[in-house]
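Data file: final_34.cif. Format and content: mmCIF, C-alpha atoms.
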```cif
data_data
loop_
_atom_site.group_PDB
_atom_site.id
_atom_site.type_symbol
_atom_site.label_atom_id
_atom_site.label_comp_id
_atom_site.auth_asym_id
_atom_site.auth_seq_id
_atom_site.Cartn_x
_atom_site.Cartn_y
_atom_site.Cartn_z
ATOM 1 C CA MET A 1 0.000 0.000 0.000
ATOM 2 C CA LYS A 2 1.019 3.599 -0.497
ATOM 3 C CA ILE A 3 1.440 6.145 2.297
ATOM 4 C CA ARG A 4 2.941 9.636 2.507
ATOM 5 C CA VAL A 5 6.011 10.087 4.706
ATOM 6 C CA ASN A 6 7.558 13.544 5.116
ATOM 7 C CA GLY A 7 5.941 14.636 1.891
ATOM 8 C CA GLU A 8 7.109 11.620 -0.163
ATOM 9 C CA THR A 9 4.962 8.739 -1.362
ATOM 10 C CA ILE A 10 6.360 5.373 -0.345
ATOM 11 C CA GLU A 11 5.245 1.769 -0.595
ATOM 12 C CA VAL A 12 4.913 -0.275 2.612
ATOM 13 C CA LYS A 13 3.648 -3.768 3.243
ATOM 14 C CA GLU A 14 0.058 -4.365 4.356
ATOM 15 C CA LYS A 15 -0.521 -4.408 8.130
ATOM 16 C CA ALA A 16 2.636 -2.414 8.799
ATOM 17 C CA ALA A 17 2.954 -0.797 12.239
ATOM 18 C CA ILE A 18 5.197 2.191 13.005
ATOM 19 C CA PRO A 19 8.266 0.067 13.953
ATOM 20 C CA ASP A 20 7.915 -1.696 10.567
ATOM 21 C CA LEU A 21 7.984 1.696 8.867
ATOM 22 C CA PHE A 22 11.149 2.646 10.794
ATOM 23 C CA GLU A 23 12.764 -0.585 9.664
ATOM 24 C CA ARG A 24 11.665 -0.103 6.065
ATOM 25 C CA LEU A 25 13.162 3.428 6.051
ATOM 26 C CA GLY A 26 16.276 2.698 8.140
ATOM 27 C CA ILE A 27 15.288 5.048 10.948
ATOM 28 C CA ARG A 28 16.592 4.352 14.429
ATOM 29 C CA PRO A 29 15.101 5.920 17.576
ATOM 30 C CA PRO A 30 15.673 7.559 20.085
ATOM 31 C CA GLY A 31 15.072 11.248 19.494
ATOM 32 C CA ILE A 32 12.337 10.635 16.931
ATOM 33 C CA ALA A 33 8.725 11.839 16.995
ATOM 34 C CA VAL A 34 5.920 10.580 14.774
ATOM 35 C CA GLU A 35 2.764 12.347 13.702
ATOM 36 C CA LEU A 36 0.078 10.293 11.973
ATOM 37 C CA ASN A 37 -2.560 12.264 10.062
ATOM 38 C CA GLY A 38 -1.819 15.332 12.169
ATOM 39 C CA GLU A 39 -1.865 13.588 15.572
ATOM 40 C CA ILE A 40 1.224 12.672 17.566
ATOM 41 C CA VAL A 41 1.632 8.966 18.221
ATOM 42 C CA PRO A 42 3.404 8.573 21.592
ATOM 43 C CA ARG A 43 6.413 6.263 21.561
ATOM 44 C CA SER A 44 4.643 3.730 23.778
ATOM 45 C CA ARG A 45 1.933 3.293 21.150
ATOM 46 C CA HIS A 46 4.209 2.829 18.133
ATOM 47 C CA PRO A 47 4.055 -1.003 18.138
ATOM 48 C CA GLU A 48 0.252 -1.145 18.163
ATOM 49 C CA THR A 49 -0.297 1.680 15.657
ATOM 50 C CA MET A 50 -1.113 0.163 12.268
ATOM 51 C CA LEU A 51 -0.784 2.172 9.066
ATOM 52 C CA LYS A 52 -3.490 2.396 6.423
ATOM 53 C CA GLU A 53 -3.472 3.223 2.713
ATOM 54 C CA ASN A 54 -3.050 6.976 2.098
ATOM 55 C CA ASP A 55 -1.987 7.722 5.667
ATOM 56 C CA SER A 56 0.102 10.848 6.053
ATOM 57 C CA VAL A 57 3.080 10.463 8.381
ATOM 58 C CA GLU A 58 5.597 13.027 9.636
ATOM 59 C CA ILE A 59 8.790 11.747 11.235
ATOM 60 C CA VAL A 60 11.010 14.348 12.855
ATOM 61 C CA ARG A 61 14.260 14.498 14.780
ATOM 62 C CA MET A 62 16.704 17.021 16.186
ATOM 63 C CA ALA A 63 18.579 19.422 13.920
ATOM 64 C CA GLY A 64 21.010 22.254 14.618
ATOM 65 C CA GLY A 65 19.319 25.578 15.270
ATOM 66 C CA GLY A 66 19.095 28.725 17.362
ATOM 67 C CA MET B 1 28.254 33.707 46.591
ATOM 68 C CA LYS B 2 26.106 31.456 44.447
ATOM 69 C CA ASP B 3 24.390 33.363 41.659
ATOM 70 C CA THR B 4 21.806 31.216 39.940
ATOM 71 C CA PHE B 5 18.639 31.780 37.973
ATOM 72 C CA LYS B 6 15.577 29.674 37.405
ATOM 73 C CA ILE B 7 13.533 28.745 34.375
ATOM 74 C CA GLY B 8 10.401 27.166 35.795
ATOM 75 C CA LYS B 9 11.712 24.625 38.266
ATOM 76 C CA ARG B 10 15.156 24.241 36.695
ATOM 77 C CA GLU B 11 18.091 26.122 38.179
ATOM 78 C CA PHE B 12 21.155 27.220 36.195
ATOM 79 C CA THR B 13 24.496 28.836 36.972
ATOM 80 C CA SER B 14 25.485 29.752 33.404
ATOM 81 C CA ARG B 15 23.587 32.708 32.008
ATOM 82 C CA LEU B 16 24.731 32.146 28.446
ATOM 83 C CA MET B 17 22.504 29.994 26.257
ATOM 84 C CA VAL B 18 23.730 28.961 22.836
ATOM 85 C CA GLY B 19 22.280 27.712 19.595
ATOM 86 C CA THR B 20 23.560 24.761 17.588
ATOM 87 C CA GLY B 21 22.985 26.007 14.021
ATOM 88 C CA LYS B 22 25.366 27.236 11.337
ATOM 89 C CA TYR B 23 28.666 25.913 12.748
ATOM 90 C CA PRO B 24 31.332 25.110 10.128
ATOM 91 C CA THR B 25 31.589 21.507 11.422
ATOM 92 C CA PRO B 26 30.055 19.435 14.243
ATOM 93 C CA GLU B 27 33.518 19.255 15.858
ATOM 94 C CA VAL B 28 33.807 23.049 16.004
ATOM 95 C CA MET B 29 30.299 23.184 17.460
ATOM 96 C CA LYS B 30 31.126 20.663 20.165
ATOM 97 C CA GLU B 31 34.255 22.559 21.140
ATOM 98 C CA ALA B 32 32.435 25.921 21.091
ATOM 99 C CA LEU B 33 29.596 24.586 23.263
ATOM 100 C CA LYS B 34 32.174 23.401 25.758
ATOM 101 C CA GLU B 35 34.075 26.701 25.774
ATOM 102 C CA SER B 36 30.863 28.713 26.180
ATOM 103 C CA GLY B 37 30.145 27.053 29.509
ATOM 104 C CA ALA B 38 26.470 27.025 28.480
ATOM 105 C CA GLN B 39 24.102 24.661 30.262
ATOM 106 C CA ILE B 40 21.194 25.235 27.891
ATOM 107 C CA VAL B 41 21.506 24.623 24.147
ATOM 108 C CA THR B 42 18.802 25.244 21.584
ATOM 109 C CA VAL B 43 17.972 22.821 18.787
ATOM 110 C CA ALA B 44 15.481 22.732 15.935
ATOM 111 C CA VAL B 45 12.935 20.060 15.001
ATOM 112 C CA ARG B 46 13.104 18.908 11.400
ATOM 113 C CA ARG B 47 11.889 16.079 9.177
ATOM 114 C CA VAL B 48 14.090 12.994 9.039
ATOM 115 C CA ASN B 49 15.833 13.027 5.672
ATOM 116 C CA LEU B 50 14.572 9.800 4.076
ATOM 117 C CA LYS B 51 17.620 9.692 1.820
ATOM 118 C CA ARG B 52 19.960 9.813 4.843
ATOM 119 C CA PRO B 53 17.888 8.297 7.646
ATOM 120 C CA GLU B 54 20.932 7.380 9.722
ATOM 121 C CA GLU B 55 21.935 11.047 10.170
ATOM 122 C CA SER B 56 21.673 11.949 13.848
ATOM 123 C CA PHE B 57 22.357 15.426 15.147
ATOM 124 C CA LEU B 58 21.580 14.121 18.617
ATOM 125 C CA GLY B 59 24.851 12.174 18.422
ATOM 126 C CA HIS B 60 26.785 15.478 18.467
ATOM 127 C CA ILE B 61 25.263 16.756 21.705
ATOM 128 C CA ASP B 62 26.012 15.257 25.085
ATOM 129 C CA THR B 63 22.573 15.350 26.689
ATOM 130 C CA SER B 64 24.105 14.536 30.078
ATOM 131 C CA LEU B 65 25.901 17.924 29.978
ATOM 132 C CA PHE B 66 23.270 20.136 28.378
ATOM 133 C CA THR B 67 19.613 20.933 28.908
ATOM 134 C CA ILE B 68 17.999 20.759 25.484
ATOM 135 C CA LEU B 69 15.797 23.702 24.560
ATOM 136 C CA PRO B 70 13.932 22.873 21.344
ATOM 137 C CA ASN B 71 12.679 25.772 19.252
ATOM 138 C CA THR B 72 9.832 26.361 16.840
ATOM 139 C CA ALA B 73 12.073 28.301 14.465
ATOM 140 C CA GLY B 74 10.728 28.715 10.966
ATOM 141 C CA CYS B 75 7.060 28.570 12.041
ATOM 142 C CA TYR B 76 4.893 31.332 10.596
ATOM 143 C CA THR B 77 1.569 30.369 12.182
ATOM 144 C CA ALA B 78 0.401 29.581 15.716
ATOM 145 C CA ASP B 79 -0.803 26.156 14.499
ATOM 146 C CA ASP B 80 2.618 25.212 13.120
ATOM 147 C CA ALA B 81 4.373 26.426 16.262
ATOM 148 C CA VAL B 82 2.063 24.413 18.537
ATOM 149 C CA ARG B 83 2.449 21.352 16.334
ATOM 150 C CA THR B 84 6.257 21.690 16.325
ATOM 151 C CA ALA B 85 6.314 22.146 20.113
ATOM 152 C CA ARG B 86 4.307 18.950 20.594
ATOM 153 C CA LEU B 87 6.662 17.046 18.284
ATOM 154 C CA ALA B 88 9.658 18.416 20.190
ATOM 155 C CA ARG B 89 8.225 17.269 23.508
ATOM 156 C CA GLU B 90 7.640 13.795 22.126
ATOM 157 C CA ALA B 91 11.053 13.535 20.442
ATOM 158 C CA PHE B 92 13.248 14.964 23.208
ATOM 159 C CA SER B 93 11.142 14.194 26.312
ATOM 160 C CA THR B 94 11.192 17.795 27.544
ATOM 161 C CA ASP B 95 8.533 20.349 28.408
ATOM 162 C CA LEU B 96 10.868 23.246 27.552
ATOM 163 C CA ILE B 97 10.108 25.128 24.358
ATOM 164 C CA LYS B 98 11.625 28.232 22.817
ATOM 165 C CA LEU B 99 8.526 29.571 21.133
ATOM 166 C CA GLU B 100 9.106 31.439 17.887
ATOM 167 C CA VAL B 101 6.353 32.512 15.551
ATOM 168 C CA ILE B 102 7.852 34.505 12.731
ATOM 169 C CA GLY B 103 5.899 37.300 11.088
ATOM 170 C CA ASP B 104 8.107 38.245 8.197
ATOM 171 C CA GLU B 105 10.866 36.583 6.204
ATOM 172 C CA LYS B 106 13.048 39.642 5.798
ATOM 173 C CA THR B 107 13.216 40.781 9.416
ATOM 174 C CA LEU B 108 12.295 37.511 11.156
ATOM 175 C CA PHE B 109 10.438 39.684 13.653
ATOM 176 C CA PRO B 110 7.848 37.827 15.738
ATOM 177 C CA ASP B 111 4.129 37.785 14.953
ATOM 178 C CA ASN B 112 2.826 39.061 18.310
ATOM 179 C CA GLU B 113 -0.748 37.896 17.895
ATOM 180 C CA ALA B 114 0.203 34.354 16.907
ATOM 181 C CA LEU B 115 2.943 34.250 19.548
ATOM 182 C CA LEU B 116 0.510 35.069 22.334
ATOM 183 C CA SER B 117 -2.207 32.689 21.164
ATOM 184 C CA SER B 118 0.232 29.778 20.765
ATOM 185 C CA ALA B 119 1.861 30.564 24.131
ATOM 186 C CA LYS B 120 -1.544 30.300 25.827
ATOM 187 C CA ILE B 121 -2.229 26.912 24.236
ATOM 188 C CA LEU B 122 1.192 25.520 25.150
ATOM 189 C CA VAL B 123 1.077 26.777 28.749
ATOM 190 C CA LYS B 124 -2.291 25.048 29.114
ATOM 191 C CA GLU B 125 -0.719 21.844 27.792
ATOM 192 C CA GLY B 126 1.966 22.008 30.487
ATOM 193 C CA PHE B 127 4.874 23.369 28.468
ATOM 194 C CA CYS B 128 7.543 25.560 30.031
ATOM 195 C CA VAL B 129 7.300 28.309 27.408
ATOM 196 C CA MET B 130 10.169 30.687 26.599
ATOM 197 C CA PRO B 131 8.927 33.068 23.895
ATOM 198 C CA TYR B 132 11.150 34.973 21.467
ATOM 199 C CA THR B 133 9.503 38.381 21.402
ATOM 200 C CA ASN B 134 9.920 42.003 20.367
ATOM 201 C CA ASP B 135 11.596 44.408 22.767
ATOM 202 C CA ASP B 136 8.084 45.519 23.683
ATOM 203 C CA PRO B 137 7.216 45.795 27.391
ATOM 204 C CA ILE B 138 3.481 45.407 26.754
ATOM 205 C CA MET B 139 4.012 42.115 24.900
ATOM 206 C CA ALA B 140 6.369 40.978 27.643
ATOM 207 C CA ARG B 141 3.682 41.617 30.246
ATOM 208 C CA LYS B 142 1.051 39.793 28.200
ATOM 209 C CA LEU B 143 3.368 36.795 27.772
ATOM 210 C CA GLU B 144 4.084 36.719 31.503
ATOM 211 C CA ASP B 145 0.344 36.955 32.245
ATOM 212 C CA ALA B 146 -0.190 34.045 29.835
ATOM 213 C CA GLY B 147 2.058 31.923 32.062
ATOM 214 C CA CYS B 148 5.355 31.938 30.155
ATOM 215 C CA ALA B 149 8.387 30.897 32.218
ATOM 216 C CA ALA B 150 10.605 33.657 30.775
ATOM 217 C CA VAL B 151 10.485 36.362 28.139
ATOM 218 C CA MET B 152 13.152 36.593 25.473
ATOM 219 C CA PRO B 153 13.179 39.995 23.796
ATOM 220 C CA LEU B 154 15.331 40.403 20.727
ATOM 221 C CA ALA B 155 18.285 42.791 20.886
ATOM 222 C CA ALA B 156 18.176 43.188 17.099
ATOM 223 C CA PRO B 157 17.006 41.020 14.167
ATOM 224 C CA ILE B 158 18.105 37.353 14.262
ATOM 225 C CA GLY B 159 21.600 36.951 12.846
ATOM 226 C CA SER B 160 22.052 40.698 12.320
ATOM 227 C CA GLY B 161 24.784 41.206 14.937
ATOM 228 C CA LEU B 162 23.556 44.765 15.514
ATOM 229 C CA GLY B 163 23.638 44.519 19.308
ATOM 230 C CA ILE B 164 21.137 46.025 21.747
ATOM 231 C CA ARG B 165 19.251 48.522 19.616
ATOM 232 C CA ASN B 166 16.882 49.673 22.340
ATOM 233 C CA PRO B 167 18.423 49.299 25.784
ATOM 234 C CA TYR B 168 15.724 51.534 27.258
ATOM 235 C CA ASN B 169 12.965 49.140 26.242
ATOM 236 C CA ILE B 170 14.932 46.236 27.702
ATOM 237 C CA ARG B 171 15.157 48.188 30.957
ATOM 238 C CA ILE B 172 11.427 48.834 30.963
ATOM 239 C CA ILE B 173 10.806 45.115 30.304
ATOM 240 C CA LEU B 174 13.033 44.309 33.282
ATOM 241 C CA GLU B 175 10.914 46.587 35.452
ATOM 242 C CA THR B 176 7.661 45.223 34.021
ATOM 243 C CA VAL B 177 7.967 41.454 34.456
ATOM 244 C CA LYS B 178 9.070 39.170 37.285
ATOM 245 C CA VAL B 179 9.986 36.157 35.108
ATOM 246 C CA PRO B 180 13.559 35.935 33.794
ATOM 247 C CA VAL B 181 14.385 38.254 30.887
ATOM 248 C CA ILE B 182 16.760 36.710 28.370
ATOM 249 C CA VAL B 183 18.043 38.738 25.453
ATOM 250 C CA ASP B 184 17.646 36.545 22.393
ATOM 251 C CA ALA B 185 18.978 37.415 18.946
ATOM 252 C CA GLY B 186 21.092 40.191 17.535
ATOM 253 C CA VAL B 187 24.185 39.880 19.719
ATOM 254 C CA GLY B 188 27.221 40.421 17.496
ATOM 255 C CA THR B 189 30.207 40.493 19.816
ATOM 256 C CA ALA B 190 31.251 40.251 23.447
ATOM 257 C CA SER B 191 30.443 43.866 24.374
ATOM 258 C CA ASP B 192 26.827 43.391 23.212
ATOM 259 C CA ALA B 193 26.442 40.463 25.602
ATOM 260 C CA ALA B 194 28.046 42.462 28.411
ATOM 261 C CA VAL B 195 25.653 45.375 27.803
ATOM 262 C CA ALA B 196 22.654 43.046 28.036
ATOM 263 C CA MET B 197 23.883 41.687 31.350
ATOM 264 C CA GLU B 198 24.806 45.147 32.694
ATOM 265 C CA LEU B 199 21.219 46.225 32.045
ATOM 266 C CA GLY B 200 20.166 43.511 34.475
ATOM 267 C CA CYS B 201 19.023 40.792 32.093
ATOM 268 C CA ASP B 202 18.993 37.278 33.524
ATOM 269 C CA GLY B 203 20.712 35.763 30.528
ATOM 270 C CA VAL B 204 21.636 35.978 26.868
ATOM 271 C CA LEU B 205 20.841 33.508 24.097
ATOM 272 C CA MET B 206 22.850 33.551 20.894
ATOM 273 C CA ASN B 207 23.740 31.424 17.916
ATOM 274 C CA THR B 208 25.144 33.326 14.922
ATOM 275 C CA GLY B 209 27.303 35.582 17.099
ATOM 276 C CA ILE B 210 29.354 32.506 18.002
ATOM 277 C CA ALA B 211 28.795 30.116 15.083
ATOM 278 C CA GLY B 212 29.405 32.819 12.465
ATOM 279 C CA ALA B 213 32.603 34.210 14.024
ATOM 280 C CA LYS B 214 35.903 33.513 12.239
ATOM 281 C CA ASP B 215 36.929 31.437 15.245
ATOM 282 C CA PRO B 216 33.734 30.190 16.905
ATOM 283 C CA VAL B 217 35.547 28.425 19.744
ATOM 284 C CA ARG B 218 37.406 31.579 20.779
ATOM 285 C CA MET B 219 34.231 33.672 20.425
ATOM 286 C CA ALA B 220 32.357 31.186 22.631
ATOM 287 C CA ARG B 221 34.875 31.838 25.380
ATOM 288 C CA ALA B 222 34.673 35.596 24.793
ATOM 289 C CA MET B 223 30.888 35.433 25.187
ATOM 290 C CA LYS B 224 31.162 33.375 28.349
ATOM 291 C CA LEU B 225 33.503 35.955 29.888
ATOM 292 C CA ALA B 226 31.388 38.883 28.658
ATOM 293 C CA VAL B 227 28.218 37.455 30.185
ATOM 294 C CA GLU B 228 30.016 36.836 33.467
ATOM 295 C CA ALA B 229 31.644 40.291 33.439
ATOM 296 C CA GLY B 230 28.364 42.003 32.608
ATOM 297 C CA ARG B 231 26.566 40.122 35.343
ATOM 298 C CA LEU B 232 29.225 41.005 37.922
ATOM 299 C CA ALA B 233 29.173 44.662 36.888
ATOM 300 C CA TYR B 234 25.376 44.701 37.239
ATOM 301 C CA LEU B 235 25.566 43.169 40.719
ATOM 302 C CA ALA B 236 28.427 45.482 41.702
ATOM 303 C CA GLY B 237 26.467 48.592 40.682
ATOM 304 C CA ARG B 238 28.074 50.999 38.279
ATOM 305 C CA ILE B 239 28.963 54.601 39.170
ATOM 306 C CA PRO B 240 26.605 57.304 37.948
ATOM 307 C CA ARG B 241 27.493 59.057 34.695
ATOM 308 C CA LYS B 242 28.679 62.629 35.259
ATOM 309 C CA LEU B 243 29.485 65.357 32.805
ATOM 310 C CA TYR B 244 32.584 66.646 34.593
ATOM 311 C CA ALA B 245 35.664 65.081 36.147
ATOM 312 C CA ALA B 246 35.947 63.897 39.737
ATOM 313 C CA ALA B 247 39.574 63.454 40.854
ATOM 314 C CA SER B 248 40.566 59.983 42.037
ATOM 315 C CA SER B 249 43.595 61.223 44.029
ATOM 316 C CA PRO B 250 43.134 63.325 47.205
ATOM 317 C CA ILE B 251 43.503 67.104 47.055
ATOM 318 C CA ASP B 252 44.791 67.211 50.676
ATOM 319 C CA GLY B 253 48.576 66.939 51.086
ATOM 320 C CA MET B 254 49.492 68.365 47.709
ATOM 321 C CA ILE B 255 53.013 69.903 47.678
ATOM 322 C CA GLY B 256 53.694 73.588 47.355
#
```
Using the file provided, produce a representation of the structure as structure tokens.
Amino acid sequence: MKIRVNGETIEVKEKAAIPDLFERLGIRPPGIAVELNGEIVPRSRHPETMLKENDSVEIVRMAGGG
Amino acid sequence: MKDTFKIGKREFTSRLMVGTGKYPTPEVMKEALKESGAQIVTVAVRRVNLKRPEESFLGHIDTSLFTILPNTAGCYTADDAVRTARLAREAFSTDLIKLEVIGDEKTLFPDNEALLSSAKILVKEGFCVMPYTNDDPIMARKLEDAGCAAVMPLAAPIGSGLGIRNPYNIRIILETVKVPVIVDAGVGTASDAAVAMELGCDGVLMNTGIAGAKDPVRMARAMKLAVEAGRLAYLAGRIPRKLYAAASSPIDGMIG
């Protein structure tokens, strides 16, 4: 199925949860936050949060800044 | 004598806060952060680059040494700032937020209306809000009334290095609010930081002034010393300015 991640369309397997998405993209916590369709998904709920077709996901981390 | 200041419940001895952007290399940044003696460092929240997912800025900052102050830099609406603050809290497990809502690309001056409305939302959600604001005493009072933990008036536009353009407004802000006043943005060199502290500010936050210097590590040390010197001078109490001379040596006992 197709979902949007950080503005890009990507293909993920059916019944993928957030940790599966991290694995698919090569992202390693800690210091990561996830927003699914505009709502933050707390870290503790990542394993149980399943993705659906056309979901919009934002994954952010720390960057240098003032 | 111990001279500390508090942001919410956290207590700090260093009054210099530094940003982590625009350094020539991560190594120079690490060394500069160390030299600055800062205990609080600001960071931004950005999308993971899907082409380089292994990149980790967090790896360059020793979180056991520094309190992380995430910012909402680059946000132009209250909604974006609130959203970024929530992401920062989730990513870095902190309630601290340097709240920036920018009103204009050219000046990077804050959007007062959006700043105040987003501050109110974030305070209600339990954030320890440190807003980047104009050097406007009325705004400072409104932000304090909204429950912000500090106010951070700009000295001059972000990255401009123009120094304290309106010291009188900063003084009025200091008389107006009880929360810490931290000069944020516009500091260009050590004397600017010293002036801010001599006015009685509780601290100074800077990024470009250090990161953009020819030798950021040396400038970090200069800023540390300037903030300390300015603070000491403020506590010591300067002499009044007078138009005419007052001799330092006694008149009594002169020869002849």
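With all atoms listed in the file taken into account, the protein and nucleic acid residues at most 9 Å from range 7-9 of chain A (excluding it and anything under 6 positions from it in its own chain) are Asn54, Ser56, Val57 and Glu58 of chain A; Leu50 of chain B.
Taking CA of Pro26 in chain B and CA of Gly186 in chain B as the two end points, the separation is 22.8 Å.
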Non-local contacts of range 237-251 of chain B (12 Å; all atoms listed in the file; under 5 positions in same chain excluded) as a list in words: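 Final neighbour list, sorted by chain and number: Met197, Glu198, Leu199, Gly200, Gly230, Arg231 and Leu232 of chain B.
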Quick one: contact table of chain A to chain B, 6 Å max, nearest atom pair and distance in Å to one decimal per residue, counting only C-alpha atoms, chain and number order, as a Markdown table?
```
| residue | atom | partner | partner_atom | distance |
| --- | --- | --- | --- | --- |
| A:Gly26 | CA | B:Pro53 | CA | 5.8 |
| A:Ile27 | CA | B:Pro53 | CA | 5.3 |
| A:Gly31 | CA | B:Ala91 | CA | 4.7 |
| A:Ile32 | CA | B:Ala91 | CA | 4.7 |
| A:Ala33 | CA | B:Ala91 | CA | 4.5 |
| A:Ile59 | CA | B:Arg47 | CA | 5.7 |
| A:Val60 | CA | B:Arg47 | CA | 4.2 |
| A:Arg61 | CA | B:Arg46 | CA | 5.7 |
| A:Met62 | CA | B:Val45 | CA | 5.0 |
| A:Ala63 | CA | B:Ala44 | CA | 5.0 |
| A:Gly64 | CA | B:Gly21 | CA | 4.3 |
| A:Gly65 | CA | B:Gly21 | CA | 3.9 |
| A:Gly66 | CA | B:Gly19 | CA | 4.0 |
```
- prompt: Written as a count of residues only, what is the full residue list that the PyMOL selection byres ((chain B and resi 110-121) around 8) yields on the file shown?
  reply: 29
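Coordinates place CA of Thr63 in chain B at a distance of 28.4 Å from CA of Gly38 in chain A.
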Expected selection from the PyMOL selection byres ((chain A and resi 20-23) around 10), given as an mmCIF file with C-alpha atoms, in the coordinates of the input:
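Saved to out17.cif:
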```cif
data_model
loop_
_atom_site.group_PDB
_atom_site.id
_atom_site.type_symbol
_atom_site.label_atom_id
_atom_site.label_comp_id
_atom_site.auth_asym_id
_atom_site.auth_seq_id
_atom_site.Cartn_x
_atom_site.Cartn_y
_atom_site.Cartn_z
ATOM 1 C CA VAL A 5 6.011 10.087 4.706
ATOM 2 C CA GLU A 11 5.245 1.769 -0.595
ATOM 3 C CA VAL A 12 4.913 -0.275 2.612
ATOM 4 C CA LYS A 13 3.648 -3.768 3.243
ATOM 5 C CA LYS A 15 -0.521 -4.408 8.130
ATOM 6 C CA ALA A 16 2.636 -2.414 8.799
ATOM 7 C CA ALA A 17 2.954 -0.797 12.239
ATOM 8 C CA ILE A 18 5.197 2.191 13.005
ATOM 9 C CA PRO A 19 8.266 0.067 13.953
ATOM 10 C CA ARG A 24 11.665 -0.103 6.065
ATOM 11 C CA LEU A 25 13.162 3.428 6.051
ATOM 12 C CA GLY A 26 16.276 2.698 8.140
ATOM 13 C CA ILE A 27 15.288 5.048 10.948
ATOM 14 C CA ARG A 28 16.592 4.352 14.429
ATOM 15 C CA PRO A 29 15.101 5.920 17.576
ATOM 16 C CA HIS A 46 4.209 2.829 18.133
ATOM 17 C CA PRO A 47 4.055 -1.003 18.138
ATOM 18 C CA MET A 50 -1.113 0.163 12.268
ATOM 19 C CA LEU A 51 -0.784 2.172 9.066
ATOM 20 C CA ILE A 59 8.790 11.747 11.235
ATOM 21 C CA PRO B 53 17.888 8.297 7.646
#
```
- request: Give me the residues within 12 Å of Ile172 in chain B as a list in words, counting only C-alpha atoms and dropping any in the same chain fewer than 3 places off.
  value: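 Returned residues: Asp135, Asp136, Pro137, Ile138, Met139, Ala140, Arg141, Pro153, Asn166, Pro167, Tyr168, Asn169, Glu175, Thr176, Val177, Lys178, Val181, Leu199, Gly200 and Cys201 of chain B.
Of note, CA of Ile173 in chain B and CA of Tyr234 in chain B are spaced 16.1 Å apart.
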Completed range 5-19 of chain A (N, CA and C atoms) as an mmCIF file, keeping the file's coordinate frame:
```cif
data_model
loop_
_atom_site.group_PDB
_atom_site.id
_atom_site.type_symbol
_atom_site.label_atom_id
_atom_site.label_comp_id
_atom_site.auth_asym_id
_atom_site.auth_seq_id
_atom_site.Cartn_x
_atom_site.Cartn_y
_atom_site.Cartn_z
ATOM 1 N N VAL A 5 5.105 9.880 3.574
ATOM 2 C CA VAL A 5 6.011 10.087 4.706
ATOM 3 C C VAL A 5 6.869 11.319 4.410
ATOM 4 N N ASN A 6 6.792 12.290 5.272
ATOM 5 C CA ASN A 6 7.558 13.544 5.116
ATOM 6 C C ASN A 6 7.426 14.094 3.696
ATOM 7 N N GLY A 7 6.225 14.055 3.195
ATOM 8 C CA GLY A 7 5.941 14.636 1.891
ATOM 9 C C GLY A 7 6.252 13.740 0.703
ATOM 10 N N GLU A 8 6.806 12.539 0.941
ATOM 11 C CA GLU A 8 7.109 11.620 -0.163
ATOM 12 C C GLU A 8 6.170 10.419 -0.115
ATOM 13 N N THR A 9 5.805 9.937 -1.308
ATOM 14 C CA THR A 9 4.962 8.739 -1.362
ATOM 15 C C THR A 9 5.860 7.507 -1.328
ATOM 16 N N ILE A 10 5.562 6.607 -0.410
ATOM 17 C CA ILE A 10 6.360 5.373 -0.345
ATOM 18 C C ILE A 10 5.429 4.158 -0.241
ATOM 19 N N GLU A 11 5.987 3.027 -0.605
ATOM 20 C CA GLU A 11 5.245 1.769 -0.595
ATOM 21 C C GLU A 11 5.627 1.007 0.682
ATOM 22 N N VAL A 12 4.635 0.587 1.450
ATOM 23 C CA VAL A 12 4.913 -0.275 2.612
ATOM 24 C C VAL A 12 4.017 -1.510 2.539
ATOM 25 N N LYS A 13 4.439 -2.541 3.250
ATOM 26 C CA LYS A 13 3.648 -3.768 3.243
ATOM 27 C C LYS A 13 2.313 -3.557 3.977
ATOM 28 N N GLU A 14 1.343 -4.404 3.649
ATOM 29 C CA GLU A 14 0.058 -4.365 4.356
ATOM 30 C C GLU A 14 0.295 -4.677 5.830
ATOM 31 N N LYS A 15 -0.575 -4.168 6.678
ATOM 32 C CA LYS A 15 -0.521 -4.408 8.130
ATOM 33 C C LYS A 15 0.814 -3.985 8.757
ATOM 34 N N ALA A 16 1.385 -2.915 8.212
ATOM 35 C CA ALA A 16 2.636 -2.414 8.799
ATOM 36 C C ALA A 16 2.310 -1.528 10.001
ATOM 37 N N ALA A 17 3.061 -1.691 11.078
ATOM 38 C CA ALA A 17 2.954 -0.797 12.239
ATOM 39 C C ALA A 17 4.109 0.200 12.154
ATOM 40 N N ILE A 18 4.166 1.150 13.090
ATOM 41 C CA ILE A 18 5.197 2.191 13.005
ATOM 42 C C ILE A 18 6.623 1.609 13.075
ATOM 43 N N PRO A 19 6.904 0.642 13.960
ATOM 44 C CA PRO A 19 8.266 0.067 13.953
ATOM 45 C C PRO A 19 8.635 -0.577 12.605
#
```
